[in-house]
$ cat input_1.txt   # compact mmCIF, C-alpha atoms
# COMPACT_ATOMS: atom_id res chain seq x y z
CA MET A 203 37.86 70.35 -10.05
CA SER A 204 37.23 69.25 -6.48
CA LEU A 205 34.87 66.41 -5.69
CA ALA A 206 31.48 67.79 -4.61
CA PHE A 207 28.10 66.70 -3.24
CA GLU A 208 26.55 66.21 -6.69
CA ASP A 209 29.46 63.96 -7.72
CA ILE A 210 28.33 61.53 -4.99
CA ILE A 211 24.52 61.65 -5.20
CA PRO A 212 21.95 64.06 -6.72
CA HIS A 213 20.61 66.78 -4.45
CA SER A 214 17.13 65.37 -5.15
CA PHE A 215 18.06 61.86 -3.96
CA ASP A 216 15.05 60.25 -2.25
CA TYR A 217 16.36 57.80 0.36
CA ASN A 218 13.01 56.22 1.19
CA ALA A 219 12.09 55.65 -2.45
CA TYR A 220 15.55 54.23 -3.24
CA VAL A 221 15.50 51.79 -0.31
CA ARG A 222 12.05 50.53 -1.29
CA LYS A 223 12.71 50.38 -5.04
CA ASN A 224 15.88 48.33 -4.54
CA LYS A 225 14.39 46.28 -1.67
CA ILE A 226 17.37 46.96 0.56
CA ASP A 227 15.36 46.11 3.68
CA THR A 228 14.38 42.73 2.20
CA LEU A 229 17.98 42.10 1.16
CA LEU A 230 19.05 42.55 4.78
CA GLY A 231 16.25 40.38 6.16
CA GLU A 232 14.69 43.33 7.96
CA THR A 233 10.94 43.35 8.61
CA SER A 234 10.64 47.12 8.89
CA ILE A 235 12.54 50.25 7.99
CA ALA A 236 12.71 53.70 9.52
CA ASP A 237 10.06 56.26 8.59
CA ASN A 238 12.82 58.51 7.30
CA CYS A 239 15.73 56.57 5.82
CA SER A 240 17.79 59.74 5.41
CA LYS A 241 18.09 60.32 9.18
CA LYS A 242 20.91 59.00 11.32
CA ALA A 243 20.05 56.70 14.22
CA ILE A 244 20.92 58.26 17.60
CA LYS A 245 23.21 56.00 19.62
CA SER A 246 25.02 56.18 22.94
CA PRO A 247 28.25 58.27 22.88
CA ILE A 248 30.28 55.13 23.67
CA PHE A 249 28.32 52.72 21.43
CA SER A 250 31.15 52.31 18.93
CA VAL A 251 33.99 52.30 21.48
CA ASP A 252 32.50 50.03 24.17
CA ILE A 253 34.65 46.92 24.01
CA SER A 254 32.04 44.95 25.98
CA ASN A 255 29.23 45.74 23.53
CA THR A 256 27.96 42.64 21.70
CA THR A 257 24.95 44.27 20.03
CA PRO A 258 25.27 44.35 16.23
CA PHE A 259 25.11 47.80 14.69
CA PRO A 260 21.58 48.44 13.36
CA PRO A 261 21.15 49.16 9.63
CA GLU A 262 22.04 52.73 8.69
CA TYR A 263 19.72 53.01 5.72
CA ASP A 264 21.06 56.39 4.64
CA ASP A 265 24.62 55.03 4.37
CA LEU A 266 23.46 51.81 2.72
CA ALA A 267 21.28 53.58 0.16
CA ARG A 268 24.16 55.89 -0.78
CA LEU A 269 26.55 52.95 -1.07
CA HIS A 270 24.17 51.06 -3.34
CA TYR A 271 23.63 54.14 -5.49
CA ILE A 272 27.35 54.97 -5.77
CA VAL A 273 28.30 51.43 -6.79
CA SER A 274 25.44 51.37 -9.32
CA HIS A 275 25.88 54.88 -10.70
CA ARG A 276 29.65 54.51 -11.16
CA LYS A 277 29.11 51.10 -12.82
CA SER A 278 31.65 49.67 -10.41
CA LEU A 279 33.27 46.31 -11.17
CA THR A 280 35.45 45.51 -8.16
CA VAL A 281 35.07 46.69 -4.56
CA LEU A 282 37.53 46.21 -1.70
CA GLU A 283 35.86 46.50 1.70
CA PHE A 284 37.58 46.70 5.07
CA GLY A 285 35.15 45.29 7.64
CA VAL A 286 32.27 42.97 6.71
CA GLY A 287 28.62 43.52 7.53
CA LYS A 288 25.33 44.64 6.03
CA SER A 289 27.25 46.84 3.62
CA THR A 290 28.77 43.68 2.10
CA PHE A 291 25.37 42.50 0.90
CA VAL A 292 24.26 45.95 -0.27
CA ILE A 293 27.43 46.50 -2.29
CA GLY A 294 27.17 42.93 -3.59
CA ASP A 295 23.60 43.50 -4.74
CA ALA A 296 24.61 46.64 -6.65
CA LEU A 297 27.51 44.74 -8.26
CA LEU A 298 25.15 41.93 -9.29
CA ASN A 299 22.86 44.46 -10.95
CA ASN A 300 25.87 45.98 -12.71
CA LYS A 301 26.87 42.54 -13.92
CA ARG A 302 23.43 41.84 -15.34
CA CYS A 303 23.40 45.18 -17.17
CA ASN A 304 27.00 45.56 -18.28
CA ALA A 305 28.84 42.22 -18.35
CA ASP A 306 28.61 41.72 -22.12
CA TYR A 307 30.56 44.91 -22.76
CA THR A 308 32.99 44.73 -19.86
CA ASN A 309 33.91 41.09 -20.51
CA SER A 310 34.76 41.83 -24.14
CA ALA A 311 36.29 45.31 -23.92
CA LEU A 312 37.93 45.64 -20.49
CA ARG A 313 40.65 43.78 -18.64
CA ARG A 314 39.33 43.01 -15.16
CA GLU A 315 40.21 39.71 -13.47
CA ASN A 316 37.85 40.23 -10.53
CA ALA A 317 34.93 41.82 -12.33
CA TYR A 318 31.68 42.08 -10.34
CA GLN A 319 33.16 40.96 -7.06
CA ILE A 320 33.40 42.48 -3.60
CA HIS A 321 36.36 41.34 -1.50
CA SER A 322 35.84 42.05 2.19
CA VAL A 323 38.50 41.78 4.91
CA GLU A 324 37.55 40.98 8.50
CA ASN A 325 39.58 40.27 11.63
CA TYR A 326 36.76 38.69 13.69
CA ALA A 327 36.50 35.10 12.47
CA LYS A 328 33.25 34.41 14.31
CA TYR A 329 31.53 37.48 12.93
CA MET A 330 32.81 36.73 9.43
CA GLN A 331 31.30 33.23 9.66
CA ILE A 332 27.93 34.72 10.65
CA VAL A 333 28.01 37.12 7.69
CA ASP A 334 29.09 34.32 5.38
CA SER A 335 26.13 32.19 6.48
CA GLN A 336 23.77 35.06 5.63
CA ILE A 337 24.96 35.81 2.08
CA PRO A 338 21.80 36.02 -0.08
CA PRO A 339 21.40 33.08 -2.50
CA ASP A 340 21.81 35.12 -5.70
CA LEU A 341 25.02 36.68 -4.45
CA ARG A 342 26.40 33.31 -3.39
CA LYS A 343 25.45 31.63 -6.67
CA GLU A 344 27.19 34.34 -8.71
CA GLU A 345 30.19 34.35 -6.32
CA ILE A 346 29.84 38.10 -5.82
CA CYS A 347 30.81 38.24 -2.13
CA ASN A 348 34.29 37.03 -1.17
CA LEU A 349 35.17 37.18 2.53
CA HIS A 350 38.76 37.09 3.79
CA TYR A 351 39.87 36.57 7.38
CA SER A 352 42.98 38.45 8.45
CA GLU A 353 44.72 39.15 11.72
CA LEU A 354 45.44 42.75 12.66
CA GLU A 355 48.61 44.30 14.00
CA VAL A 356 50.03 47.62 15.13
CA GLY A 357 52.76 49.00 12.90
CA THR A 358 54.04 52.28 11.49
CA PHE A 359 53.82 54.25 8.27
CA LEU A 360 56.69 56.72 7.87
CA GLY A 361 57.22 56.49 11.62
CA LYS A 362 53.57 57.13 12.52
CA VAL A 363 51.68 54.52 14.55
CA CYS A 364 48.88 52.83 12.64
CA THR A 365 47.37 49.38 12.05
CA TYR A 366 47.59 46.84 9.24
CA TYR A 367 45.72 43.73 8.22
CA SER A 368 48.26 40.93 7.77
CA ASN A 369 46.61 39.62 4.59
CA ILE A 370 44.87 41.80 2.01
CA PRO A 371 43.06 40.40 -1.06
CA ASN A 372 45.24 40.82 -4.16
CA VAL A 373 42.64 42.67 -6.25
CA CYS A 374 42.50 45.98 -8.10
CA PRO A 375 39.40 47.81 -6.84
CA ASP A 376 37.70 50.80 -8.41
CA ILE A 377 35.93 51.49 -5.09
CA ILE A 378 37.39 51.01 -1.60
CA TYR A 379 35.04 51.12 1.39
CA LEU A 380 36.83 51.69 4.70
CA ASP A 381 34.58 50.74 7.62
CA GLY A 382 36.94 48.61 9.69
CA PRO A 383 38.79 47.51 11.70
CA ASP A 384 37.79 48.62 15.17
CA GLN A 385 40.46 50.11 17.41
CA PHE A 386 40.55 47.32 20.00
CA SER A 387 41.59 44.35 17.87
CA PRO A 388 45.20 44.99 16.78
CA THR A 389 47.95 43.07 18.54
CA GLY A 390 51.30 44.55 19.50
CA ASN A 391 52.40 48.11 20.15
CA VAL A 392 55.04 50.62 19.14
CA LYS A 393 56.93 51.98 22.17
CA GLY A 394 53.85 51.22 24.28
CA ILE A 395 51.47 52.99 21.88
CA THR A 396 48.43 51.09 20.64
CA THR A 397 44.93 51.96 19.44
CA ASN A 398 43.45 49.72 22.17
CA HIS A 399 42.11 52.51 24.34
CA GLN A 400 38.65 54.13 24.47
CA ASP A 401 40.14 57.58 23.84
CA ARG A 402 42.15 56.46 20.81
CA MET A 403 40.63 55.90 17.37
CA PRO A 404 41.08 53.55 14.39
CA MET A 405 44.12 54.35 12.24
CA ALA A 406 44.23 51.87 9.34
CA ALA A 407 47.06 52.33 6.83
CA ASP A 408 46.40 49.47 4.39
CA ILE A 409 45.24 51.80 1.61
CA LEU A 410 48.57 53.59 1.70
CA LEU A 411 50.34 50.34 0.81
CA LEU A 412 48.05 49.93 -2.20
CA GLU A 413 48.06 53.52 -3.43
CA HIS A 414 50.44 53.26 -6.35
CA PHE A 415 48.66 50.19 -7.72
CA LEU A 416 45.31 51.99 -7.86
CA GLN A 417 44.01 53.19 -11.19
CA PRO A 418 42.78 56.72 -11.97
CA SER A 419 39.09 57.21 -11.07
CA THR A 420 39.36 54.94 -7.99
CA LEU A 421 37.02 56.13 -5.23
CA ILE A 422 37.74 55.68 -1.51
CA ILE A 423 34.80 55.97 0.91
CA VAL A 424 35.63 56.34 4.60
CA ASP A 425 32.65 55.84 6.89
CA GLY A 426 33.14 58.04 9.95
CA ARG A 427 36.71 57.53 11.19
CA THR A 428 37.63 61.18 10.62
CA ALA A 429 41.02 60.86 12.32
CA ASN A 430 41.79 57.93 10.03
CA ALA A 431 40.59 59.88 6.99
CA ARG A 432 42.85 62.81 7.91
CA PHE A 433 45.75 60.40 8.35
CA LEU A 434 45.13 59.11 4.83
CA GLN A 435 44.79 62.64 3.46
CA CYS A 436 48.16 63.59 4.99
CA ASN A 437 49.94 60.57 3.56
CA LEU A 438 48.36 59.85 0.17
CA GLN A 439 50.85 61.00 -2.47
CA ARG A 440 48.91 61.06 -5.73
CA ASN A 441 46.33 63.53 -7.05
CA TRP A 442 43.36 62.75 -4.80
CA SER A 443 40.38 65.06 -4.53
CA HIS A 444 38.78 64.99 -1.08
CA TYR A 445 35.20 65.73 -0.07
CA TYR A 446 33.77 65.49 3.44
CA ASN A 447 30.05 65.60 4.21
CA GLU A 448 29.46 66.42 7.86
CA GLU A 449 25.80 65.35 7.81
CA TRP A 450 26.70 61.90 6.50
CA ASP A 451 29.98 61.79 8.46
CA GLN A 452 31.69 60.31 5.43
CA HIS A 453 34.87 61.16 3.55
CA PHE A 454 35.36 60.59 -0.17
CA PHE A 455 38.67 60.52 -2.06
CA GLU A 456 38.75 60.25 -5.86
CA LEU A 457 41.99 59.60 -7.78
CA GLN A 458 41.84 62.37 -10.37
CA GLU A 459 44.57 61.57 -12.86
CA ALA A 460 44.69 61.01 -16.61
CA PRO A 461 44.11 57.36 -17.64
CA LEU A 462 47.08 55.00 -17.43
CA GLY A 463 46.44 53.41 -20.82
CA VAL A 464 43.82 52.12 -23.21
CA TYR A 465 42.05 49.72 -20.82
CA ASN A 466 41.88 52.18 -17.95
CA LYS A 467 40.55 54.82 -20.39
CA ARG A 468 37.89 52.45 -21.72
CA MET A 469 36.77 51.74 -18.19
CA ILE A 470 36.60 55.43 -17.27
CA ASP A 471 34.77 56.25 -20.51
CA PHE A 472 32.20 53.52 -19.90
CA CYS A 473 31.77 53.83 -16.13
CA LEU A 474 32.05 57.58 -15.54
CA GLY A 475 32.26 59.35 -18.90
CA GLU A 476 32.77 63.08 -19.34
CA SER A 477 31.85 63.89 -15.74
CA PHE A 478 35.19 62.43 -14.61
CA TYR A 479 37.24 64.25 -17.24
CA ASN A 480 35.52 67.50 -16.30
CA ARG A 481 36.76 67.03 -12.74
CA ILE A 482 40.39 66.53 -13.74
$ encode --input "input_1.txt" --output "structure tokens"
Amino acid sequence: MSLAFEDIIPHSFDYNAYVRKNKIDTLLGETSIADNCSKKAIKSPIFSVDISNTTPFPPEYDDLARLHYIVSHRKSLTVLEFGVGKSTFVIGDALLNNKRCNADYTNSALRRENAYQIHSVENYAKYMQIVDSQIPPDLRKEEICNLHYSELEVGTFLGKVCTYYSNIPNVCPDIIYLDGPDQFSPTGNVKGITTNHQDRMPMAADILLLEHFLQPSTLIIVDGRTANARFLQCNLQRNWSHYYNEEWDQHFFELQEAPLGVYNKRMIDFCLGESFYNRI
């Protein structure tokens, strides 16, 4: 069965209530939130592709609330994030809550070396240092957020031009959040072709290198980056179900295969239950 809206969040999901209940604004150090957290902020057409822009992206409370809910609802243990930012803290907070609720069982019954950790890759060292300095005390104390600097380079996948981080955390995530890198940072080119142009777009291929290590039930979330999402969809080789929500401008890929073995099955049974088996 294909992934659908209700597999991501309930139709009755109340963004404002969720943000306030989970104190997402406080977590981010914000003094106020939008009147309607479900609405997208309207930005300039070139806001995300202006290489001279130094203004940090404002909080997108709809995206952040969904992220927090997904990580919580799926009882996620390990998240791999491409691009650090406010999402790092929101995902980390959801993982910390999961740890407090579920660690007794998962530590005794599952085999997860990086349980209740988010590993985030970033190619801007200065920005990574700023984010690192702002990690909330509880997340730092529990070592939830792990930031990794990596350079970025232009390469190919099956002859197609794309980009790669040079160093990816060696973890086995059950959720991957793709929200970086930008298109202007990679070094090098292939026959003169590079993403460093306002009319190009990001084209990260790192997930394709990891694909055959990923376990059934893994969820990939691509924030925007539709060209990149279509590139992944064309090149992923396993049984991935894809769902795109135009209003959110997000793509979701779920690895819908039978469990690999006893530990993967235990994790699926505990984290997702019958809803996952009904989809496969």
$ residues_around --input "input_1.txt" --residues "segment 337-347 of chain A" --least-positions-apart "6" --cutoff "10 Å" --atoms "only C-alpha atoms" --output "list in words"
Leu229, Leu230, Gly231, Thr280, Val281, Lys288, Thr290, Phe291, Ile293, Gly294, Asp295, Leu297, Leu298, Lys301, Asn316, Ala317, Tyr318, Gln319, Ile320, His321 and Ser322 of chain A
$ closest_atom_pairs --input "input_1.txt" --of "segment 264-326 of chain A" --to "segment 410-434 of chain A" --cutoff "12 Å" --atoms "all atoms listed in the file" --output "CSV"
residue,atom,partner,partner_atom,distance
A:Asp264,CA,A:Asp425,CA,11.8
A:Asp265,CA,A:Asp425,CA,8.5
A:Leu266,CA,A:Asp425,CA,10.9
A:Arg268,CA,A:Ile423,CA,10.8
A:Leu269,CA,A:Ile423,CA,9.0
A:Ile272,CA,A:Leu421,CA,9.8
A:Val273,CA,A:Leu421,CA,10.0
A:Arg276,CA,A:Leu421,CA,9.6
A:Lys277,CA,A:Ser419,CA,11.8
A:Ser278,CA,A:Thr420,CA,9.6
A:Leu279,CA,A:Thr420,CA,11.0
A:Thr280,CA,A:Thr420,CA,10.2
A:Val281,CA,A:Leu421,CA,9.7
A:Leu282,CA,A:Ile422,CA,9.5
A:Glu283,CA,A:Ile423,CA,9.6
A:Phe284,CA,A:Val424,CA,9.8
A:Gly285,CA,A:Asp425,CA,10.9
A:Ser289,CA,A:Asp425,CA,11.0
A:Arg314,CA,A:Gln417,CA,11.9
$ atom_distance --input "input_1.txt" --atom1 "atom CA of Thr396 of chain A" --atom2 "atom CA of Gly357 of chain A"
9.1 Å
$ atom_distance --input "input_1.txt" --atom1 "atom CA of Phe472 of chain A" --atom2 "atom CA of Tyr307 of chain A"
9.2 Å
$ atom_distance --input "input_1.txt" --atom1 "atom CA of Ser387 of chain A" --atom2 "atom CA of Leu457 of chain A"
29.8 Å
$ closest_residue --input "input_1.txt" --among "A:Tyr367, A:Tyr271, A:Tyr329, A:Tyr351" --to "Ile210 of chain A" --atoms "only C-alpha atoms"
A:Tyr271
$ closest_residue --input "input_1.txt" --among "A:Ile211, A:Glu476, A:Asn218, A:Val356" --to "Gly394 of chain A" --atoms "only C-alpha atoms"
A:Val356
$ closest_residue --input "input_1.txt" --among "A:Leu474, A:Val323, A:Met403, A:Leu360" --to "Val373 of chain A" --atoms "all atoms listed in the file"
A:Val323
$ residues_around --input "input_1.txt" --residues "Gly390 of chain A" --least-positions-apart "5" --cutoff "12 Å" --atoms "only C-alpha atoms" --output "PyMOL selection string"
chain A and resi 353-358+363-366+395-398
